[in-house]
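**Student:** Handing you this structure, nothing more for now.
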Amino acid sequence: EEDTSLRQYWYSASTLRLLCDLCSREDLKCVALLSTPSIFYALPPEARSKVWLLEFDRRWETGNDRFAFFDFNAPVEELPQHLRGVCDLIVADPPHINVATLERYVEAMRMLRAPGGRLLLTTAVDNEQWVAGELGAFPAAFVPKISLALGVLGRYRIFSTFRDGALTAKNEEDFPAGSAGGSAENSDGAEEDYAWSLGMVDHPL
């Protein structure tokens with residue numbers, strides 16, 4: 001159940017399926033989920049063995065040996081030692097969309113990232129230029145939906161440092177053609193292709 005006092009907002013079913021698919025790829029050895037408990041618990045049990053949930057809300061700690069407490073305001077040196085520099089996929093959904101919060105999450109992602117590791121961040125579309133400049137990530141054509149008003153209106157995006165066919169598909173389940181997020185917001189991938197043509201390194205899954 002969402003705790004809105006902690007700015008928790010859940011992904012839609014179609015968005016969860018996409019994110020769980022990315023986290024379940026066989027070539028991944030260690031996945032870190034920052035502030036995304038809904039992804040962790042949507043994963044099949046066999047996929048959780050290589051996934052760690054880094055989360056502030058200790059409700060998710062009970063009975064979960066893959067839980068690590070995470071406070072984005074704390075120094076990154078407090079991140080679990082065994083996860084630093086070894087995560088080959090890091091997924092983060094910061095509770096706020098302001099730059100100060102994003103900066104803290106980017107620091108944590110860099111600390112956890114293995115050489116060549118993949119990064120995925122969900123935040124408001126308004127942060128696109130900042131995310132591209134600071135994280136080297138570009139928006140996917142797939143428009144995610146979350147229970148927050150911005151997400152319901154199609155104003156959220158998935159930003160990634162890698163390309164994957166699943167990210168190029170339209171989210172027609174949540175944003176049918178002609179809906180608020182289904183036409184201009186849910187493009188055919190041309191903008192994504194253009195962004196990647198600007199010197200980005202291709203890291204296919």
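Ordering of the structure tokens sets the chain letters (A, B, ...), residue numbers begin anew at 1 in every chain, and ligands are numbered from 1 in the order given.
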In range 38-180 of chain A, what's strand (DSSP E or B) per DSSP? Answer as a PyMOL selection string?

**Tutor:** chain A and resi 51-55+67-69+87-92+113-124+138-139+146+156-160

**Student:** Create the file for the chosen residues now, containing N, CA, C and O atoms and written as a CSV table (one decimal), in the first residue's frame.

**Tutor:**
chain,number,residue,atom,x,y,z
A,51,VAL,N,18.6,-9.4,-7.0
A,51,VAL,CA,18.1,-8.0,-6.8
A,51,VAL,C,18.2,-7.6,-5.4
A,51,VAL,O,17.9,-8.4,-4.5
A,52,TRP,N,18.6,-6.3,-5.2
A,52,TRP,CA,18.6,-5.7,-3.9
A,52,TRP,C,17.6,-4.5,-3.9
A,52,TRP,O,17.6,-3.7,-4.8
A,53,LEU,N,16.8,-4.4,-2.8
A,53,LEU,CA,15.9,-3.3,-2.7
A,53,LEU,C,16.5,-2.3,-1.7
A,53,LEU,O,16.7,-2.7,-0.5
A,54,LEU,N,16.9,-1.1,-2.1
A,54,LEU,CA,17.4,-0.1,-1.3
A,54,LEU,C,16.3,0.9,-1.0
A,54,LEU,O,15.9,1.6,-2.0
A,55,GLU,N,15.8,1.0,0.2
A,55,GLU,CA,14.6,1.7,0.5
A,55,GLU,C,14.6,2.3,1.9
A,55,GLU,O,15.2,1.8,2.8
A,67,PHE,N,16.8,-6.7,1.5
A,67,PHE,CA,16.5,-5.3,1.8
A,67,PHE,C,17.7,-4.6,2.4
A,67,PHE,O,18.5,-5.2,3.2
A,68,ALA,N,18.0,-3.4,1.9
A,68,ALA,CA,19.0,-2.6,2.5
A,68,ALA,C,18.5,-1.2,2.8
A,68,ALA,O,17.9,-0.6,1.8
A,69,PHE,N,18.6,-0.7,4.0
A,69,PHE,CA,18.1,0.7,4.3
A,69,PHE,C,18.8,1.7,3.4
A,69,PHE,O,20.0,1.7,3.3
A,87,CYS,N,26.9,-3.3,-9.2
A,87,CYS,CA,25.6,-3.4,-9.8
A,87,CYS,C,25.6,-3.1,-11.3
A,87,CYS,O,26.0,-2.0,-11.7
A,88,ASP,N,25.2,-4.1,-12.1
A,88,ASP,CA,25.2,-3.9,-13.5
A,88,ASP,C,23.9,-3.4,-14.0
A,88,ASP,O,23.7,-3.1,-15.2
A,89,LEU,N,22.9,-3.2,-13.2
A,89,LEU,CA,21.6,-2.5,-13.5
A,89,LEU,C,21.2,-1.8,-12.3
A,89,LEU,O,21.0,-2.4,-11.2
A,90,ILE,N,20.9,-0.5,-12.3
A,90,ILE,CA,20.4,0.3,-11.2
A,90,ILE,C,19.2,1.0,-11.7
A,90,ILE,O,19.2,1.8,-12.7
A,91,VAL,N,18.1,0.8,-11.0
A,91,VAL,CA,16.8,1.5,-11.3
A,91,VAL,C,16.4,2.4,-10.1
A,91,VAL,O,16.4,1.9,-9.0
A,92,ALA,N,16.1,3.6,-10.4
A,92,ALA,CA,15.8,4.5,-9.3
A,92,ALA,C,14.5,5.3,-9.7
A,92,ALA,O,14.3,5.7,-10.8
A,113,ARG,N,27.3,1.6,-9.3
A,113,ARG,CA,27.4,1.1,-10.6
A,113,ARG,C,28.7,0.3,-10.9
A,113,ARG,O,29.8,0.8,-10.5
A,114,ALA,N,28.6,-0.8,-11.5
A,114,ALA,CA,29.7,-1.6,-11.9
A,114,ALA,C,30.2,-1.0,-13.2
A,114,ALA,O,29.5,-0.3,-13.9
A,115,PRO,N,31.5,-1.2,-13.6
A,115,PRO,CA,32.0,-0.7,-14.9
A,115,PRO,C,31.1,-1.2,-16.0
A,115,PRO,O,30.8,-2.4,-16.2
A,116,GLY,N,30.6,-0.2,-16.8
A,116,GLY,CA,29.7,-0.6,-17.9
A,116,GLY,C,28.3,-0.8,-17.5
A,116,GLY,O,27.5,-1.2,-18.3
A,117,GLY,N,28.0,-0.6,-16.2
A,117,GLY,CA,26.6,-0.8,-15.7
A,117,GLY,C,25.6,0.1,-16.3
A,117,GLY,O,25.9,1.2,-16.8
A,118,ARG,N,24.4,-0.4,-16.3
A,118,ARG,CA,23.3,0.3,-17.0
A,118,ARG,C,22.5,1.1,-15.9
A,118,ARG,O,22.2,0.6,-14.8
A,119,LEU,N,22.0,2.3,-16.3
A,119,LEU,CA,21.3,3.1,-15.3
A,119,LEU,C,19.9,3.4,-15.9
A,119,LEU,O,19.8,3.7,-17.1
A,120,LEU,N,18.9,3.4,-15.0
A,120,LEU,CA,17.5,3.7,-15.4
A,120,LEU,C,16.9,4.6,-14.3
A,120,LEU,O,16.9,4.2,-13.2
A,121,LEU,N,16.3,5.7,-14.7
A,121,LEU,CA,15.8,6.6,-13.8
A,121,LEU,C,14.4,7.1,-14.3
A,121,LEU,O,14.2,7.3,-15.5
A,122,THR,N,13.4,7.1,-13.4
A,122,THR,CA,12.1,7.6,-13.7
A,122,THR,C,11.9,9.0,-13.0
A,122,THR,O,12.1,9.1,-11.8
A,123,THR,N,11.5,10.0,-13.8
A,123,THR,CA,11.2,11.3,-13.2
A,123,THR,C,10.4,12.1,-14.2
A,123,THR,O,10.1,11.6,-15.3
A,124,ALA,N,10.1,13.3,-13.9
A,124,ALA,CA,9.2,14.1,-14.8
A,124,ALA,C,9.9,14.5,-16.1
A,124,ALA,O,11.2,14.7,-16.1
A,138,PHE,N,18.8,9.2,-21.8
A,138,PHE,CA,17.8,9.8,-22.6
A,138,PHE,C,16.4,9.1,-22.4
A,138,PHE,O,16.4,7.9,-22.0
A,139,PRO,N,15.3,9.8,-22.7
A,139,PRO,CA,14.0,9.2,-22.5
A,139,PRO,C,13.6,8.1,-23.5
A,139,PRO,O,14.0,8.2,-24.7
A,146,ILE,N,2.3,6.3,-13.5
A,146,ILE,CA,2.3,6.1,-12.0
A,146,ILE,C,1.1,6.8,-11.5
A,146,ILE,O,0.4,7.5,-12.1
A,156,TYR,N,5.5,11.8,-17.0
A,156,TYR,CA,6.7,11.1,-16.5
A,156,TYR,C,7.4,10.4,-17.6
A,156,TYR,O,6.9,10.1,-18.7
A,157,ARG,N,8.7,10.1,-17.4
A,157,ARG,CA,9.5,9.4,-18.4
A,157,ARG,C,10.5,8.4,-17.8
A,157,ARG,O,10.8,8.5,-16.6
A,158,ILE,N,10.8,7.4,-18.6
A,158,ILE,CA,11.9,6.5,-18.2
A,158,ILE,C,13.1,7.0,-18.9
A,158,ILE,O,13.2,7.1,-20.2
A,159,PHE,N,14.2,7.3,-18.2
A,159,PHE,CA,15.5,7.7,-18.8
A,159,PHE,C,16.5,6.6,-18.6
A,159,PHE,O,16.6,6.1,-17.5
A,160,SER,N,17.2,6.2,-19.6
A,160,SER,CA,18.1,5.1,-19.5
A,160,SER,C,19.4,5.5,-20.2
A,160,SER,O,19.5,6.3,-21.2

**Student:** Would you mind telling me which residue in A:Arg59, A:Arg84, A:Arg48, A:Arg17 lies nearest to Asn171 in chain A when using only C-alpha atoms?

**Tutor:**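 Of all the options, A:Arg17 lies closest to Asn171 in chain A.
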
**Student:** Just how far from CA of Val131 in chain A is CA of Ala166 in chain A, in Å to one decimal?

**Tutor:**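 Separation of CA of Ala166 in chain A and CA of Val131 in chain A: 20.5 Å.
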
**Student:** Write out as a ChimeraX atom specification all residues of range 28-197 of chain A that backbone DSSP assigns to alpha helix (DSSP H).

**Tutor:** /A:37-42,99-112,128-135,149-152,165-168,190-196
